[in-house]
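Asks: For reference, the file query20.txt (compact mmCIF, C-alpha atoms) is included below:
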```txt
# COMPACT_ATOMS: atom_id res chain seq x y z
CA MET A 220 -126.14 146.33 -123.66
CA PRO A 221 -129.02 144.32 -125.17
CA ARG A 222 -132.31 145.95 -126.13
CA SER A 223 -135.33 145.27 -123.97
CA ILE A 224 -138.05 143.27 -125.71
CA TRP A 225 -140.88 144.11 -123.33
CA LYS A 226 -141.74 146.65 -120.68
CA GLY A 227 -144.25 146.13 -117.90
CA ALA A 228 -144.65 145.61 -114.18
CA VAL A 229 -144.66 142.73 -111.72
CA SER A 230 -147.72 142.83 -109.46
CA PHE A 231 -146.54 141.58 -106.06
CA GLY A 232 -149.64 141.92 -103.89
CA LEU A 233 -150.24 145.66 -103.67
CA VAL A 234 -146.62 146.35 -104.60
CA THR A 235 -145.90 147.21 -108.24
CA ILE A 236 -142.43 146.64 -109.66
CA PRO A 237 -141.82 148.38 -113.02
CA ILE A 238 -139.50 146.19 -115.11
CA ARG A 239 -137.81 145.82 -118.46
CA VAL A 240 -137.49 142.35 -119.97
CA TYR A 241 -134.45 141.11 -121.91
CA GLY A 242 -133.68 137.81 -123.58
CA ALA A 243 -131.37 135.81 -121.35
CA THR A 244 -129.81 133.79 -124.14
CA GLU A 245 -128.39 134.37 -127.61
CA ALA A 246 -127.69 131.85 -130.33
CA LYS A 247 -124.01 131.42 -131.18
CA ASP A 248 -124.42 129.06 -134.11
CA ILE A 249 -122.90 130.17 -137.40
CA SER A 250 -125.71 130.80 -139.86
CA PHE A 251 -125.34 130.29 -143.60
CA ARG A 252 -127.17 131.66 -146.63
CA GLN A 253 -128.01 129.57 -149.64
CA VAL A 254 -126.00 130.82 -152.61
CA HIS A 255 -125.26 129.86 -156.19
CA ALA A 256 -121.99 127.92 -156.04
CA ALA A 257 -120.88 129.31 -159.42
CA ASP A 258 -120.95 133.03 -158.54
CA GLY A 259 -121.97 133.35 -154.85
CA GLY A 260 -125.29 135.01 -155.68
CA ARG A 261 -128.03 134.78 -153.04
CA ILE A 262 -130.83 132.30 -153.68
CA ARG A 263 -134.26 133.97 -153.40
CA TYR A 264 -137.58 132.25 -152.88
CA LYS A 265 -141.01 133.13 -154.22
CA ARG A 266 -144.35 132.31 -152.60
CA VAL A 267 -146.10 130.25 -155.26
CA CYS A 268 -149.53 128.65 -154.94
CA GLU A 269 -149.34 124.93 -155.68
CA VAL A 270 -152.88 124.95 -157.11
CA CYS A 271 -152.82 127.82 -159.63
CA GLY A 272 -149.06 128.23 -159.94
CA GLU A 273 -149.27 132.01 -159.41
CA GLU A 274 -146.92 133.99 -157.18
CA VAL A 275 -148.93 135.18 -154.17
CA PRO A 276 -148.39 138.62 -152.55
CA PHE A 277 -147.90 138.51 -148.80
CA ALA A 278 -151.15 140.48 -148.26
CA GLU A 279 -153.13 137.65 -149.88
CA ILE A 280 -151.67 134.87 -147.75
CA ALA A 281 -154.08 133.45 -145.16
CA LYS A 282 -153.66 131.00 -142.29
CA GLY A 283 -154.67 127.44 -143.11
CA TYR A 284 -155.10 124.48 -140.76
CA GLU A 285 -154.63 121.09 -142.39
CA THR A 286 -156.18 118.04 -140.76
CA ALA A 287 -154.68 114.57 -140.75
CA ASP A 288 -157.12 113.49 -143.48
CA GLY A 289 -155.99 116.30 -145.81
CA ARG A 290 -158.83 118.80 -145.34
CA MET A 291 -157.81 122.46 -145.20
CA ALA A 292 -159.60 125.06 -143.07
CA VAL A 293 -158.75 128.59 -144.23
CA LEU A 294 -159.06 131.15 -141.40
CA GLU A 295 -159.57 134.86 -141.98
CA ALA A 296 -158.98 137.81 -139.65
CA ALA A 297 -162.62 137.78 -138.58
CA ASP A 298 -162.28 134.20 -137.35
CA PHE A 299 -159.76 135.30 -134.74
CA GLU A 300 -162.05 138.01 -133.36
CA GLY A 301 -163.66 137.05 -130.10
CA LEU A 302 -160.84 134.73 -129.11
CA PRO A 303 -159.38 135.46 -125.65
CA GLN A 304 -156.55 137.92 -126.11
CA ALA A 305 -153.92 138.56 -123.46
CA GLU A 306 -153.54 142.29 -123.04
CA GLY A 307 -151.83 144.58 -120.60
CA ARG A 308 -148.33 144.91 -119.28
CA THR A 309 -148.73 143.37 -115.84
CA VAL A 310 -147.03 140.21 -114.61
CA ASP A 311 -149.39 138.85 -111.95
CA VAL A 312 -147.98 136.66 -109.19
CA VAL A 313 -150.48 133.84 -108.58
CA GLN A 314 -148.52 131.49 -106.34
CA PHE A 315 -145.19 130.88 -104.62
CA VAL A 316 -143.60 127.42 -104.84
CA GLU A 317 -140.43 125.63 -103.85
CA VAL A 318 -137.94 125.97 -106.70
CA GLY A 319 -137.38 122.21 -106.82
CA GLU A 320 -141.09 121.54 -107.45
CA ILE A 321 -140.91 122.72 -111.06
CA ASP A 322 -139.89 120.06 -113.56
CA PRO A 323 -137.29 121.62 -115.93
CA THR A 324 -139.23 120.09 -118.83
CA TYR A 325 -141.81 122.85 -118.40
CA VAL A 326 -139.28 125.64 -119.07
CA ASP A 327 -139.60 127.18 -122.52
CA ARG A 328 -137.56 130.41 -122.68
CA THR A 329 -135.61 132.47 -120.17
CA TYR A 330 -135.65 136.25 -119.74
CA VAL A 331 -133.80 138.72 -117.53
CA LEU A 332 -135.90 141.19 -115.51
CA GLU A 333 -134.41 144.62 -114.85
CA ALA A 334 -135.88 147.15 -112.42
CA ASP A 335 -137.16 150.21 -114.27
CA GLY A 336 -137.05 153.64 -112.60
CA PRO A 337 -138.67 153.55 -109.13
CA GLY A 338 -138.91 149.76 -109.28
CA THR A 339 -135.42 149.23 -107.83
CA LYS A 340 -136.36 148.97 -104.15
CA PRO A 341 -139.38 146.64 -104.55
CA TYR A 342 -137.31 144.61 -107.05
CA VAL A 343 -134.61 144.07 -104.41
CA LEU A 344 -137.32 143.31 -101.85
CA LEU A 345 -138.85 140.55 -103.98
CA ARG A 346 -135.44 139.15 -104.89
CA ARG A 347 -134.31 138.95 -101.28
CA ALA A 348 -137.62 137.50 -100.05
CA LEU A 349 -137.44 134.75 -102.68
CA GLN A 350 -133.80 134.03 -101.84
CA GLU A 351 -134.44 133.74 -98.10
CA THR A 352 -137.51 131.52 -98.50
CA GLY A 353 -136.06 129.34 -101.26
CA ARG A 354 -139.14 129.93 -103.37
CA ALA A 355 -140.03 131.08 -106.86
CA ALA A 356 -143.06 133.03 -108.05
CA VAL A 357 -145.52 131.45 -110.47
CA VAL A 358 -146.88 134.25 -112.65
CA LYS A 359 -149.12 134.89 -115.62
CA VAL A 360 -147.76 137.22 -118.28
CA ALA A 361 -149.04 138.47 -121.63
CA LEU A 362 -146.36 138.01 -124.29
CA ARG A 363 -147.07 138.28 -128.02
CA SER A 364 -150.80 138.67 -127.36
CA ARG A 365 -151.03 135.30 -125.62
CA GLU A 366 -151.14 134.55 -121.92
CA SER A 367 -148.22 132.50 -120.73
CA LEU A 368 -147.43 130.77 -117.48
CA ALA A 369 -144.01 131.71 -116.16
CA LEU A 370 -141.70 131.34 -113.18
CA ILE A 371 -139.70 134.16 -111.58
CA ARG A 372 -136.71 133.13 -109.50
CA PRO A 373 -133.64 134.90 -108.09
CA VAL A 374 -130.23 134.11 -109.58
CA ASP A 375 -127.33 135.97 -108.01
CA ASP A 376 -128.32 139.67 -108.06
CA VAL A 377 -131.10 139.52 -110.65
CA LEU A 378 -134.53 138.02 -111.21
CA LEU A 379 -134.98 135.63 -114.12
CA MET A 380 -138.33 134.83 -115.69
CA HIS A 381 -138.83 131.44 -117.34
CA THR A 382 -141.88 131.12 -119.56
CA MET A 383 -143.34 127.64 -119.27
CA LEU A 384 -145.19 125.21 -121.49
CA TRP A 385 -148.78 124.31 -120.66
CA PRO A 386 -149.24 120.82 -119.16
CA ASP A 387 -150.87 119.41 -122.31
CA GLU A 388 -147.79 120.45 -124.33
CA LEU A 389 -145.62 117.91 -122.53
CA ARG A 390 -145.54 114.48 -124.16
CA ASP A 391 -146.30 111.34 -122.25
CA THR A 392 -142.86 109.76 -121.83
CA GLY A 393 -144.16 106.32 -120.91
CA PHE A 394 -143.41 104.96 -124.38
CA ALA A 395 -139.69 105.13 -123.63
CA ALA A 396 -139.80 103.16 -120.38
CA PRO A 397 -137.85 99.87 -120.52
CA ALA A 398 -139.72 96.60 -120.13
CA GLU A 399 -140.60 95.74 -116.52
CA ASP A 400 -138.88 92.37 -116.71
CA VAL A 401 -135.42 93.96 -117.15
CA LYS A 402 -133.48 93.46 -113.92
CA VAL A 403 -130.09 94.75 -112.79
CA SER A 404 -128.04 93.30 -109.95
CA ASP A 405 -126.87 95.11 -106.83
CA ALA A 406 -123.28 94.63 -108.02
CA GLU A 407 -124.03 96.36 -111.33
CA VAL A 408 -125.72 99.24 -109.54
CA GLY A 409 -122.76 99.48 -107.16
CA MET A 410 -120.28 99.77 -110.03
CA ALA A 411 -122.46 102.40 -111.71
CA ARG A 412 -122.55 104.40 -108.47
CA MET A 413 -118.76 104.20 -108.19
CA PHE A 414 -118.43 105.58 -111.71
CA ILE A 415 -120.86 108.40 -110.88
CA ASP A 416 -118.86 109.23 -107.74
CA GLN A 417 -115.63 109.40 -109.76
CA LEU A 418 -117.08 111.98 -112.18
CA SER A 419 -119.04 114.00 -109.61
CA GLY A 420 -118.13 117.63 -108.98
CA GLU A 421 -119.31 121.22 -109.05
CA PHE A 422 -120.78 122.23 -112.39
CA ASP A 423 -118.69 124.93 -114.08
CA PRO A 424 -120.25 126.04 -117.40
CA ALA A 425 -117.08 127.93 -118.36
CA ALA A 426 -115.22 124.62 -118.56
CA PHE A 427 -117.18 123.61 -121.66
CA THR A 428 -116.88 125.08 -125.15
CA ASP A 429 -118.37 124.41 -128.56
CA HIS A 430 -115.33 122.95 -130.35
CA TYR A 431 -117.25 122.42 -133.60
CA ARG A 432 -118.20 126.11 -133.81
CA GLU A 433 -114.66 127.21 -132.99
CA GLU A 434 -113.18 125.09 -135.79
CA LEU A 435 -115.93 126.15 -138.21
CA GLU A 436 -115.17 129.81 -137.50
CA LYS A 437 -111.55 129.16 -138.47
CA VAL A 438 -112.67 127.63 -141.76
CA VAL A 439 -114.97 130.59 -142.50
CA GLN A 440 -112.26 133.11 -141.63
CA ALA A 441 -109.81 131.37 -143.95
CA LYS A 442 -112.38 131.56 -146.75
CA LEU A 443 -112.94 135.29 -146.10
CA GLU A 444 -109.27 136.21 -146.42
CA GLY A 445 -108.82 138.04 -149.67
CA VAL A 446 -112.57 138.57 -150.22
CA GLU A 447 -113.29 142.26 -150.78
CA LEU A 448 -116.01 144.04 -148.83
CA PRO A 449 -119.08 145.08 -150.83
CA GLU A 450 -119.30 148.78 -151.61
CA GLY A 451 -121.09 150.96 -149.07
CA GLU A 452 -120.92 148.59 -146.12
CA SER A 453 -118.54 148.96 -143.34
CA ALA A 454 -143.91 152.65 -123.44
CA GLY A 455 -145.36 150.98 -120.39
CA PRO A 456 -147.36 151.13 -117.15
CA SER A 457 -147.51 153.93 -114.63
CA GLN A 458 -144.34 154.12 -112.55
CA ALA A 459 -145.87 155.56 -109.37
CA GLN A 460 -143.40 154.78 -106.59
CA VAL A 461 -144.57 152.71 -103.66
CA VAL A 462 -143.80 154.98 -100.69
CA ASP A 463 -144.42 152.49 -97.87
CA LEU A 464 -143.57 148.95 -98.90
CA VAL A 465 -144.30 147.55 -95.44
CA ALA A 466 -147.83 148.96 -95.42
CA ALA A 467 -148.47 147.65 -98.93
CA LEU A 468 -147.19 144.20 -97.99
CA LYS A 469 -149.31 144.11 -94.82
CA ALA A 470 -152.38 144.94 -96.88
CA SER A 471 -151.41 142.23 -99.39
CA VAL A 472 -151.07 139.64 -96.61
CA GLU A 473 -154.44 140.58 -95.14
CA ALA A 474 -156.10 140.38 -98.55
CA ALA A 475 -154.57 136.95 -99.17
CA ARG A 476 -155.70 135.75 -95.72
CA ARG A 477 -159.26 136.91 -96.38
CA ARG A 478 -159.31 135.09 -99.70
CA ARG A 479 -158.17 131.85 -98.04
CA GLU A 480 -160.79 132.20 -95.27
CA GLU A 481 -163.54 132.88 -97.79
CA ALA A 482 -162.47 129.88 -99.87
CA ALA A 483 -162.43 127.65 -96.76
CA ALA A 484 -165.86 128.89 -95.70
CA ALA A 485 -167.28 128.26 -99.16
CA ALA A 486 -165.82 124.75 -99.21
CA SER A 487 -167.34 123.88 -95.82
```
Rewrite the structure of this file - the entire thing - as structure tokens.

Replies:
Amino acid sequence: MPRSIWKGAVSFGLVTIPIRVYGATEAKDISFRQVHAADGGRIRYKRVCEVCGEEVPFAEIAKGYETADGRMAVLEAADFEGLPQAEGRTVDVVQFVEVGEIDPTYVDRTYVLEADGPGTKPYVLLRRALQETGRAAVVKVALRSRESLALIRPVDDVLLMHTMLWPDELRDTGFAAPAEDVKVSDAEVGMARMFIDQLSGEFDPAAFTDHYREELEKVVQAKLEGVELPEGESAGPSQAQVVDLVAALKASVEAARRRREEAAAAAS
């Protein structure tokens, strides 16, 4: 059972869903340490200032922003005061969209949402409503003291939350577009479509494995045979239960309708 990395609540209109958040992925790469080839001793690094040559304690290390022309702006703790900080433990639903509307390029990281305590029933309610409408919830969430845009969607019996990049973090891909004068014939396209049809099928992730990692693990295990073991080694938001979900949802719908009417009136 993984450890939860965050605890909060999804605000679904007037319905509150207490949740626990878990990482949905885990790295399987084999990690290595840098060692001295002669005796296997670990290589340690020191933080040394390139100007004075002195080793710098962690407490004396500041954040520096280097510009393209080489200038360095050193920021202190006081410089970060007054900046907008994302606080709280509430995941606010701001919009519902068709799942296919979201370009996968926006997805940054994926998390699993688990109902916490009395959140089970409203959790199931949101999951089923999203499943039946084919929609996902666009939300704002405070993670690591910064506000993030995220998407909550149902997958099988759980809700997944995908944090997303901001629009200006996506690169303009136009540089990679082929020249406009490149033409392909209908016959070439037809052959390409035939090839696609031959390899088309249902995607089964279990059919694919990391052969490089598997072979590398064998090499590492062979190296470890005969090596002796070293000595000595072998809180969140209120969880008040929503008693009447239907009444809360009706009130949420009415509030949303009023907001739309007020916005339309203001626009006219």

Asks: How many Å lie between atom CA of A:Glu279 and atom CA of A:Lys265, rounded to one decimal?

Replies: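 Between these atoms lies a distance of 13.6 Å.
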
Asks: Which polymer residues have any atom within 9 Å of an atom of stretch 379-396 of chain A, counting all atoms listed in the file, with same-chain residues fewer than 6 positions away left out, as a list in words?

Replies: Val240, Ala243, Thr324, Tyr325, Val326, Asp327, Arg328, Thr329, Tyr330, Val331, Leu332, Val360, Ser367, Leu368, Ala369, Leu370, Ile371, Arg372 and Pro373 of chain A

Asks: Per residue of stretch 351-379 of chain A within 6 Å of stretch 313-322 of chain A, what are the shortest atom pair and its distance in Å to one decimal, counting all atoms listed in the file, with rows by chain and residue number, as a Markdown table?

Replies:
```
| residue | atom | partner | partner_atom | distance |
| --- | --- | --- | --- | --- |
| A:Arg354 | CA | A:Glu317 | CA | 4.5 |
| A:Ala355 | CA | A:Val316 | CA | 5.5 |
| A:Ala356 | CA | A:Phe315 | CA | 4.6 |
| A:Val357 | CA | A:Gln314 | CA | 5.1 |
| A:Val358 | CA | A:Val313 | CA | 5.4 |
```

Asks: Contacts of A:Ala475 at 9 Å or less, counting all atoms listed in the file, minus same-chain residues fewer than 5 places along, as number ranges by chain?

Replies: A: 232, 470, 480

Asks: Which residue is closest to A:Val310? Choose from A:Glu351, A:Glu366, A:Glu421, A:Glu447 and count all atoms listed in the file.

Replies: A:Glu366

Asks: Of the residues A:Val312, A:Leu344, A:Glu333, A:Val377, which is the one nearest to A:Val465, using only C-alpha atoms?

Replies: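 Selected residue with least distance to A:Val465: A:Leu344.
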
Asks: Env of A:Leu464: 8 Å cut, atoms = all atoms listed in the file, seq-sep filter 4 positions within chain, self excluded. Answer as a list in words.

Replies: Val234, Pro341 and Leu468 of chain A

Asks: Which distance in Å separates atom CA of A:Thr244 and atom CA of A:Arg308, to one decimal?

Replies: 22.1 Å

Asks: Identify, on the basis of all atoms listed in the file, every residue whose closest approach to A:Arg261 does not exceed 12 Å; exclude the query and any residue fewer than 6 positions from it along the same chain; express the result as a ChimeraX atom specification.

Replies: /A:251-255
